[in-house]
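> This is coords34.tsv (TSV, C-alpha atoms).
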```tsv
chain	number	residue	atom	x	y	z
A	1	MET	CA	10.93	1.60	-15.77
A	2	ILE	CA	8.16	3.66	-17.36
A	3	LEU	CA	8.81	2.51	-20.93
A	4	GLY	CA	9.90	-1.03	-20.15
A	5	GLN	CA	7.44	-1.94	-17.39
A	6	PHE	CA	4.61	0.52	-16.85
A	7	LEU	CA	3.37	1.19	-20.38
A	8	PRO	CA	3.50	-2.47	-21.53
A	9	GLU	CA	1.45	-3.36	-18.43
A	10	SER	CA	-1.19	-0.71	-19.23
A	11	ILE	CA	-0.21	1.79	-16.55
A	12	LYS	CA	-1.37	4.84	-18.45
A	13	ASN	CA	-2.66	7.18	-15.76
A	14	LYS	CA	-0.75	10.39	-16.42
A	15	GLU	CA	-0.47	11.41	-12.78
A	16	ILE	CA	0.90	8.01	-11.78
A	17	LEU	CA	3.46	8.07	-14.60
A	18	LYS	CA	4.48	11.57	-13.57
A	19	VAL	CA	5.02	10.89	-9.86
A	20	PHE	CA	6.81	7.58	-10.37
A	21	GLY	CA	8.98	9.11	-13.07
A	22	SER	CA	10.00	12.09	-10.93
A	23	THR	CA	10.52	10.39	-7.53
A	24	PRO	CA	13.95	8.71	-7.23
A	25	ARG	CA	13.32	5.35	-5.58
A	26	GLU	CA	17.02	4.77	-4.87
A	27	LYS	CA	16.91	7.56	-2.27
A	28	PHE	CA	14.49	5.47	-0.20
A	29	LEU	CA	16.30	2.12	-0.24
A	30	PRO	CA	19.17	0.84	1.91
A	31	GLU	CA	22.48	0.67	0.09
A	32	ASN	CA	22.30	-3.10	-0.48
A	33	TYR	CA	19.03	-2.70	-2.42
A	34	ILE	CA	19.90	0.33	-4.54
A	35	SER	CA	20.82	-1.78	-7.57
A	36	LEU	CA	17.22	-3.08	-7.53
A	37	SER	CA	15.61	0.36	-7.39
A	38	TYR	CA	13.86	0.09	-10.75
A	39	SER	CA	13.63	-3.67	-11.18
A	40	ASP	CA	10.32	-5.49	-11.29
A	41	LEU	CA	11.26	-7.61	-8.27
A	42	ASN	CA	9.49	-7.59	-4.93
A	43	ILE	CA	12.20	-7.16	-2.29
A	44	LYS	CA	12.05	-9.16	0.95
A	45	VAL	CA	12.72	-6.59	3.69
A	46	ALA	CA	11.75	-8.59	6.80
A	47	GLN	CA	10.83	-12.16	7.70
A	48	TYR	CA	7.19	-11.72	6.69
A	49	ARG	CA	7.39	-8.56	4.60
A	50	TYR	CA	8.00	-7.74	0.95
A	51	LEU	CA	8.56	-4.31	-0.57
A	52	PRO	CA	6.35	-4.30	-3.69
A	53	SER	CA	7.95	-3.50	-7.00
A	54	PRO	CA	7.16	-0.04	-8.42
A	55	LEU	CA	5.01	-1.74	-11.07
A	56	ASN	CA	2.91	-3.54	-8.47
A	57	SER	CA	2.45	-0.34	-6.46
A	58	ALA	CA	1.45	1.48	-9.64
A	59	LYS	CA	-1.14	-1.20	-10.44
A	60	ILE	CA	-2.73	-0.76	-7.02
A	61	PHE	CA	-2.68	3.04	-7.21
A	62	GLN	CA	-4.18	3.04	-10.71
A	63	GLU	CA	-7.02	0.79	-9.55
A	64	ALA	CA	-7.73	3.21	-6.69
A	65	ASN	CA	-8.53	5.87	-9.32
A	66	PHE	CA	-7.68	8.89	-7.17
A	67	THR	CA	-9.42	12.21	-7.73
A	68	GLY	CA	-6.86	14.13	-5.66
A	69	LYS	CA	-9.27	14.88	-2.81
A	70	GLU	CA	-8.93	11.65	-0.84
A	71	VAL	CA	-7.74	11.03	2.69
A	72	VAL	CA	-5.74	7.78	2.41
A	73	LEU	CA	-4.49	5.36	5.06
A	74	LEU	CA	-1.44	3.40	3.93
A	75	ILE	CA	-0.81	0.26	5.98
A	76	GLY	CA	2.73	-1.07	5.67
A	77	ALA	CA	4.62	2.07	4.67
A	78	ASN	CA	8.00	0.30	4.50
A	79	TYR	CA	10.77	2.81	3.69
A	80	GLY	CA	8.35	5.65	2.91
A	81	TYR	CA	8.54	5.58	-0.90
A	82	GLU	CA	4.92	4.63	-1.53
A	83	ALA	CA	3.71	7.12	1.10
A	84	VAL	CA	5.57	9.94	-0.63
A	85	LEU	CA	4.15	8.94	-4.03
A	86	LEU	CA	0.64	8.97	-2.58
A	87	SER	CA	1.20	12.40	-1.03
A	88	TYR	CA	1.63	13.82	-4.53
A	89	MET	CA	-1.66	12.32	-5.74
A	90	VAL	CA	-4.16	12.78	-2.90
A	91	ASP	CA	-5.15	15.35	-0.29
A	92	THR	CA	-3.84	13.65	2.87
A	93	VAL	CA	-1.84	10.49	3.60
A	94	ILE	CA	-1.67	8.75	6.96
A	95	ALA	CA	1.09	6.14	6.62
A	96	ILE	CA	1.72	3.56	9.32
A	97	GLU	CA	4.62	1.13	9.72
A	98	GLN	CA	4.80	-1.27	12.65
A	99	ASP	CA	8.32	-2.62	12.09
A	100	VAL	CA	10.61	-0.31	14.08
A	101	ASN	CA	13.61	-0.77	11.77
A	102	LEU	CA	11.59	-0.06	8.63
A	103	PHE	CA	9.87	2.88	10.34
A	104	ASN	CA	13.14	4.49	11.46
A	105	LEU	CA	14.57	4.30	7.94
A	106	GLY	CA	11.31	5.53	6.41
A	107	GLU	CA	11.07	8.45	8.83
A	108	GLN	CA	14.62	9.47	7.96
A	109	ASN	CA	13.85	9.22	4.24
A	110	ILE	CA	10.93	11.64	4.37
A	111	LYS	CA	12.26	13.90	7.14
A	112	ASN	CA	13.80	16.54	4.88
A	113	LEU	CA	11.19	16.47	2.11
A	114	ASN	CA	8.87	18.94	3.89
A	115	ILE	CA	5.71	17.17	2.77
A	116	GLU	CA	2.88	18.83	4.66
A	117	ASN	CA	0.09	16.40	3.76
A	118	LEU	CA	1.89	13.22	4.93
A	119	VAL	CA	1.81	11.85	8.49
A	120	PHE	CA	4.23	8.95	9.06
A	121	LEU	CA	3.62	6.87	12.20
A	122	ASN	CA	4.95	3.80	13.98
A	123	SER	CA	1.75	1.88	14.67
A	124	ASN	CA	0.26	-1.62	14.62
A	125	HIS	CA	-1.03	-2.53	11.15
A	126	SER	CA	-3.94	-4.69	12.30
A	127	GLU	CA	-5.47	-1.72	14.14
A	128	GLY	CA	-5.36	0.76	11.28
A	129	TYR	CA	-5.27	4.30	12.68
A	130	LYS	CA	-8.71	5.22	13.97
A	131	LYS	CA	-7.62	8.50	15.57
A	132	LEU	CA	-7.11	10.27	12.23
A	133	GLY	CA	-9.90	8.53	10.27
A	134	LEU	CA	-12.29	8.21	8.61
A	135	TYR	CA	-10.58	7.39	5.31
A	136	ASP	CA	-11.75	7.50	1.72
A	137	ILE	CA	-9.29	4.79	0.71
A	138	ILE	CA	-7.19	2.33	2.69
A	139	ILE	CA	-4.31	0.52	1.00
A	140	SER	CA	-2.54	-2.35	2.75
A	141	LEU	CA	0.95	-3.28	1.53
A	142	ASP	CA	1.51	-5.71	4.41
A	143	LEU	CA	0.51	-9.10	3.04
A	144	SER	CA	1.18	-10.77	6.39
A	145	CYS	CA	-1.61	-8.78	8.04
A	146	ASP	CA	-5.27	-9.68	7.53
A	147	VAL	CA	-7.68	-6.87	6.77
A	148	ASN	CA	-10.12	-7.05	9.68
A	149	LYS	CA	-13.38	-5.40	10.69
A	150	ASP	CA	-11.61	-2.81	12.86
A	151	VAL	CA	-9.76	-1.52	9.79
A	152	ILE	CA	-12.77	-1.73	7.47
A	153	ASN	CA	-14.88	0.29	9.90
A	154	GLN	CA	-12.44	3.21	9.50
A	155	LEU	CA	-13.81	3.86	5.99
A	156	VAL	CA	-16.19	6.64	5.06
A	157	ASP	CA	-19.41	5.67	3.31
A	158	LYS	CA	-18.50	4.53	-0.23
A	159	GLY	CA	-14.88	4.09	0.87
A	160	LYS	CA	-12.62	1.28	-0.35
A	161	VAL	CA	-9.90	-0.97	1.07
A	162	PHE	CA	-7.34	-2.40	-1.36
A	163	PHE	CA	-5.33	-5.42	-0.22
A	164	CYS	CA	-3.66	-8.57	-1.52
A	165	GLU	CA	-4.76	-12.06	-0.58
A	166	GLN	CA	-3.71	-15.59	-1.40
A	167	HIS	CA	-5.35	-17.57	-4.22
A	168	ASN	CA	-5.02	-20.84	-2.31
A	169	SER	CA	-2.50	-22.79	-0.26
A	170	GLU	CA	-0.73	-24.06	-3.38
A	171	ILE	CA	0.05	-20.65	-4.89
A	172	LYS	CA	2.36	-18.19	-3.16
A	173	GLU	CA	1.53	-15.21	-5.36
A	174	SER	CA	-1.48	-13.07	-4.59
A	175	LYS	CA	-4.50	-11.37	-6.09
A	176	LEU	CA	-5.53	-7.77	-5.55
A	177	SER	CA	-8.93	-7.44	-3.93
A	178	VAL	CA	-11.08	-4.52	-2.82
A	179	ILE	CA	-13.71	-4.14	-0.12
A	180	TYR	CA	-16.37	-1.50	-0.72
A	181	LYS	CA	-18.37	0.14	2.03
A	182	SER	CA	-21.94	1.23	1.36
A	183	LYS	CA	-23.75	2.59	4.41
A	184	ASN	CA	-23.52	-0.29	6.89
A	185	SER	CA	-22.85	-2.98	4.30
A	186	PHE	CA	-19.59	-4.25	2.82
A	187	PHE	CA	-18.80	-6.37	-0.20
A	188	LYS	CA	-15.58	-7.75	-1.63
A	189	GLN	CA	-14.39	-8.09	-5.20
A	190	SER	CA	-11.29	-9.83	-6.54
A	191	LEU	CA	-9.66	-7.64	-9.19
A	192	PHE	CA	-6.58	-9.25	-10.77
A	193	ASP	CA	-3.48	-11.32	-10.10
A	194	ILE	CA	-0.49	-9.50	-8.67
A	195	ASN	CA	2.83	-11.25	-8.19
A	196	ILE	CA	3.61	-10.15	-4.62
A	197	PRO	CA	4.36	-13.28	-2.55
A	198	ILE	CA	2.03	-14.13	0.27
A	199	VAL	CA	3.86	-14.84	3.51
A	200	LYS	CA	2.85	-16.36	6.84
A	201	SER	CA	-0.24	-14.63	8.17
A	202	ASN	CA	-0.31	-12.88	11.52
A	203	SER	CA	-4.04	-13.39	11.71
A	204	ASP	CA	-5.61	-12.52	15.04
A	205	GLY	CA	-8.92	-14.20	14.20
A	206	ASN	CA	-10.58	-10.84	13.61
A	207	GLU	CA	-10.99	-11.10	9.84
A	208	PHE	CA	-14.14	-9.71	8.27
A	209	ASN	CA	-16.67	-12.38	7.33
A	210	PHE	CA	-18.63	-11.81	4.12
A	211	ILE	CA	-20.71	-14.99	4.36
```
When written as structure tokens, how does the structure in this file appear?

Amino acid sequence: MILGQFLPESIKNKEILKVFGSTPREKFLPENYISLSYSDLNIKVAQYRYLPSPLNSAKIFQEANFTGKEVVLLIGANYGYEAVLLSYMVDTVIAIEQDVNLFNLGEQNIKNLNIENLVFLNSNHSEGYKKLGLYDIIISLDLSCDVNKDVINQLVDKGKVFFCEQHNSEIKESKLSVIYKSKNSFFKQSLFDINIPIVKSNSDGNEFNFI
């Protein structure tokens, strides 16, 4: 995975290479997905949800450029793998998963790891988790959930939200984008293409408007 996928795709952050290389992904996946543990496929885990490939997660984490001091909110924690990886790279991780089946499996996966800086919660993605904010960085891995103003307002000043959004109605794959907060202003930047499929949106009409 590291030699065949990460390095050719310019994943060169030493901390990211270390945590991905030392965290066995197969221990987080249901038995029917274990053979795909280190593939570059995005795995469909629910009707509107995909588990990003390790390479795609690594691309997002590298772009976040962690210093190790951040408080991070992870939206769409799936089976807990990405939350555990983050816990090794930042100060505190609040990971939320709204799908009860995914949450139960994820909670079981991390239960015996004794990770003190990771809080794993069953909570609605579109609401973020205001109670334990504010957050330096928010990462959304749920492509069916729009990043809205309620989530963006849970950032500290100079905080960032990373999320994937659709290019247009003709292309199913997505692009990674980031929203920056500066005092009371926000601005968005599209970063690069990322091949996680976009699925039907659960938009509640509360998206943030940059116009």
> Of the residues A:Ile34, A:Val71, A:Leu55, A:Val90, which is the one nearest to Val156 (chain A), using only C-alpha atoms?
A:Val71
> Take CA of Lys160 (chain A) and CA of Ile16 (chain A) and report the distance between them in Å, one decimal.
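According to the coordinates, CA of Lys160 (chain A) and CA of Ile16 (chain A) are separated by 18.9 Å.
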> One number please: CA of Val161 (chain A) to CA of Ile139 (chain A), in Å, one decimal.
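CA of Ile139 (chain A) lies 5.8 Å from CA of Val161 (chain A).
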> Record the distance separating CA of Phe28 (chain A) and CA of Asn101 (chain A), expressed in Å with one decimal.
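A separation of 13.5 Å between them.
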> When you count only C-alpha atoms, which of these residues is closest to Ser22 (chain A): A:Leu143, A:Leu85, A:Gln189, A:Ile198?
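Selected residue with least distance to Ser22 (chain A): A:Leu85.
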> Would you be able to write out as a ChimeraX atom specification which residues have an atom within 10 Å of (17.5, 9.2, -1.1) in the file's coordinates, counting all atoms listed in the file?
/A:23-31,34,81,108-110
> May I have the residues within 12 Å of Val45 (chain A) as a ChimeraX atom specification, using only C-alpha atoms and disregarding those fewer than 2 positions away in the same chain?
/A:29-30,32-33,42-43,47-52,76-79,99,101-103,105,142
> Env of Asn56 (chain A): 9 Å cut, atoms = all atoms listed in the file, seq-sep filter 4 positions within chain, self excluded. Answer as a PyMOL selection string.
chain A and resi 40+42+52+60-61+194-196
> Which one of A:Asn153, A:Asn112, A:Gln62, A:Ser144 sits closest to Gln98 (chain A) if you count all atoms listed in the file?
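The shortest atom-to-atom distance to Gln98 (chain A) comes from A:Ser144.
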> Using all atoms listed in the file for the distances, tell me which of A:Ala95, A:Leu41, A:Cys145, A:Ile152 is nearest to Lys188 (chain A).
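Between A:Ala95, A:Leu41, A:Cys145, A:Ile152, the residue approaching Lys188 (chain A) most closely is A:Ile152.
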